[in-house]
Amino acid sequence: MSKLSIVVPCYNEEESIPLFYPAVEKVVKDMPLEVEYWFVNDGSADNTLEELRKLHEQDSERVHYVSFSRNFGKESALYAGLEATTGDYVVVMDVDLQDPPEYLPEMYQSITSGEYDCVGMRRTDRKGEAKIKSFLSDQFYNVINKISDTKIVSGARDYRMMTRQMVDAVLSLTEYNRFSKGIFNWVGFNTKYLPYKNVERVAGTTDWSTWKLFKYAFDGIYDFSETPLSIATWIGGISSFIAVIGMIFVIIRHFVEPDSSMFGWASLVCIILLIGGIQLFCLGVVGRYIGKIYMQTKNRPIYIVKEKK
């Protein structure tokens with residue numbers, strides 16, 4: 001019998017865990033699979049770890065958990081969960097049940113057909129989500145698909161079922177700065193997406209604020225595109241060209257109208273601030289890439305485990 005590993009990153013999810021486990025069990029018990037759960041406690045500040053210990057005591061053979069020494073972020077939790085799995089197929093799910101378990105049989109049926117290596121879920125709407133979040137999310141997909149060779153399907157979730165071969169390929173990418181949506185697509189393999197309507201959380205509140213999502217989106221752009229560097233180069237080149245044209249204009253005007261008054265100090269200050277701002281912007285873009293290189297060369301672990309069962 002084939003084995004299915006379910007990876008569940010958790011951060012401050014003490015209310016969701018008791019609801020998640022029975023909801024998934026209700027579905028997988030009718031599937032022709034051996035099932036194991038790998039919950040990853042990402043340094044939660046509430047009683048998430050206690051809830052995971054209770055689940056492990058109830059079913060120590062199938063329910064396992066990894067607990068970090070501190071909060072390392074969802075990407076690290078996802079990587080740790082994938083590393084711990086032993087199944088022939090691996091599915092990644094959110095514990096808040098925004099990833100509906102009832103799609104698991106359809107995902108399994110599609111992936112065992114042999115035509116696909118991965119079956120993911122794609123939201124067709126964002127009902128219940130703040131409009132600003134929905135707008136920024138849509139713009140992110142539009143931008144990254146234009147400037148990156150790695151295409152990301154709009155509305156795609158981390159919720160997906162993968163073959164062991166694909167999981168091993170994902171794990172072979174040991175980069176410190178991780179953006180899983182991009183990594184899942186970068187490794188290739190045939191992927192099928194199933195559409196579904198947005199589902200709200202069953203309990204608790206999300207830790208993903210608009211600002212965190214904004215930063216996460218920029219991490220994805222920096223990780224999978226060099227376009228920001230090209231933009232910085234073009235801005236620097238255009239600024240230099242305009243400066244040369246301006247110098248030529250000043251020199252010609254000096255000889256044509258030697259007694260004419262030039263721009264005042266206010267204009268000069270504005271020009272200086274503009275050029276200075278452009279330079280700082282370009283340095284900031286370059287600095288982001290250098291910072292990622294710096295963190296990678298440190299060879300720090302992606303996560304540190306405090307407890308594992």
# chains A, B, ... in the order shown; residues from 1 in each chain; ligands from 1
call {"tool": "residues_around", "arguments": {"residues": "Val63 of chain A", "least_positions_apart": "6", "cutoff": "8 Å", "atoms": "only C-alpha atoms", "output": "PyMOL selection string"}}
result
chain A and resi 36-39+55-56
call {"tool": "residues_around", "arguments": {"residues": "Val35 of chain A", "least_positions_apart": "5", "cutoff": "9 Å", "atoms": "only C-alpha atoms", "output": "list in words"}}
result
Ser2, Lys3, Leu4, Ser5, Ile6, Val28, Lys29, Arg62, Val63 and Gly87 of chain A
call {"tool": "closest_residue", "arguments": {"among": "A:Tyr294, A:Tyr103, A:Phe189, A:Phe255", "to": "Asn177 of chain A", "atoms": "only C-alpha atoms"}}
result
A:Tyr294
call {"tool": "select_by_dssp", "arguments": {"residues": "segment 20-202 of chain A", "states": "strand (DSSP E or B)", "output": "PyMOL selection string"}}
result
chain A and resi 34-41+63-68+89-92+118-123+156-163+191-196
call {"tool": "residues_around", "arguments": {"residues": "Arg122 of chain A", "least_positions_apart": "5", "cutoff": "6 Å", "atoms": "only C-alpha atoms", "output": "ChimeraX atom specification"}}
result
/A:155-157,194-195
call {"tool": "closest_atom_pairs", "arguments": {"of": "segment 31-92 of chain A", "to": "segment 299-303 of chain A", "cutoff": "7 Å", "atoms": "only C-alpha atoms", "output": "CSV"}}
result
residue,atom,partner,partner_atom,distance
A:Phe68,CA,A:Tyr303,CA,7.0
A:Phe72,CA,A:Tyr303,CA,6.2
A:Ser76,CA,A:Ile302,CA,5.9
call {"tool": "residues_around", "arguments": {"residues": "Thr191 of chain A", "least_positions_apart": "3", "cutoff": "8 Å", "atoms": "only C-alpha atoms", "output": "PDB file with all heavy atoms, in the first residue's frame"}}
result
ATOM      1  N   TYR A 116       0.567  13.208 -14.062  1.00  0.00           N
ATOM      2  CA  TYR A 116       1.037  14.383 -13.328  1.00  0.00           C
ATOM      3  C   TYR A 116       1.956  13.978 -12.176  1.00  0.00           C
ATOM      4  O   TYR A 116       1.815  12.898 -11.596  1.00  0.00           O
ATOM      5  CB  TYR A 116      -0.143  15.184 -12.779  1.00  0.00           C
ATOM      6  CG  TYR A 116      -1.113  15.640 -13.846  1.00  0.00           C
ATOM      7  CD1 TYR A 116      -2.330  14.975 -14.050  1.00  0.00           C
ATOM      8  CD2 TYR A 116      -0.810  16.719 -14.663  1.00  0.00           C
ATOM      9  CE1 TYR A 116      -3.219  15.385 -15.023  1.00  0.00           C
ATOM     10  CE2 TYR A 116      -1.693  17.143 -15.645  1.00  0.00           C
ATOM     11  CZ  TYR A 116      -2.895  16.472 -15.828  1.00  0.00           C
ATOM     12  OH  TYR A 116      -3.755  16.881 -16.803  1.00  0.00           O
ATOM     13  N   ASP A 117       2.900  14.882 -11.874  1.00  0.00           N
ATOM     14  CA  ASP A 117       3.793  14.695 -10.735  1.00  0.00           C
ATOM     15  C   ASP A 117       3.342  15.530  -9.545  1.00  0.00           C
ATOM     16  O   ASP A 117       3.823  15.346  -8.434  1.00  0.00           O
ATOM     17  CB  ASP A 117       5.226  15.104 -11.114  1.00  0.00           C
ATOM     18  CG  ASP A 117       5.718  14.364 -12.334  1.00  0.00           C
ATOM     19  OD1 ASP A 117       6.027  13.166 -12.212  1.00  0.00           O
ATOM     20  OD2 ASP A 117       5.789  14.978 -13.422  1.00  0.00           O
ATOM     21  N   CYS A 118       2.452  16.462  -9.824  1.00  0.00           N
ATOM     22  CA  CYS A 118       1.969  17.361  -8.767  1.00  0.00           C
ATOM     23  C   CYS A 118       0.554  17.798  -9.094  1.00  0.00           C
ATOM     24  O   CYS A 118       0.247  18.106 -10.257  1.00  0.00           O
ATOM     25  CB  CYS A 118       2.896  18.583  -8.649  1.00  0.00           C
ATOM     26  SG  CYS A 118       2.336  19.864  -7.507  1.00  0.00           S
ATOM     27  N   VAL A 119      -0.290  17.823  -8.077  1.00  0.00           N
ATOM     28  CA  VAL A 119      -1.657  18.330  -8.235  1.00  0.00           C
ATOM     29  C   VAL A 119      -1.863  19.406  -7.170  1.00  0.00           C
ATOM     30  O   VAL A 119      -1.831  19.120  -5.970  1.00  0.00           O
ATOM     31  CB  VAL A 119      -2.709  17.218  -8.075  1.00  0.00           C
ATOM     32  CG1 VAL A 119      -4.109  17.798  -8.249  1.00  0.00           C
ATOM     33  CG2 VAL A 119      -2.473  16.100  -9.085  1.00  0.00           C
ATOM     34  N   GLY A 120      -2.029  20.645  -7.619  1.00  0.00           N
ATOM     35  CA  GLY A 120      -2.185  21.753  -6.690  1.00  0.00           C
ATOM     36  C   GLY A 120      -3.584  22.334  -6.729  1.00  0.00           C
ATOM     37  O   GLY A 120      -4.405  21.987  -7.584  1.00  0.00           O
TER      38      GLY A 120
END
call {"tool": "closest_residue", "arguments": {"among": "A:Met121, A:Met31, A:Val305, A:Met162", "to": "Tyr196 of chain A", "atoms": "only C-alpha atoms"}}
result
A:Met121
call {"tool": "closest_residue", "arguments": {"among": "A:Val40, A:Ile272, A:Lys309, A:Asn190", "to": "His64 of chain A", "atoms": "only C-alpha atoms"}}
result
A:Lys309
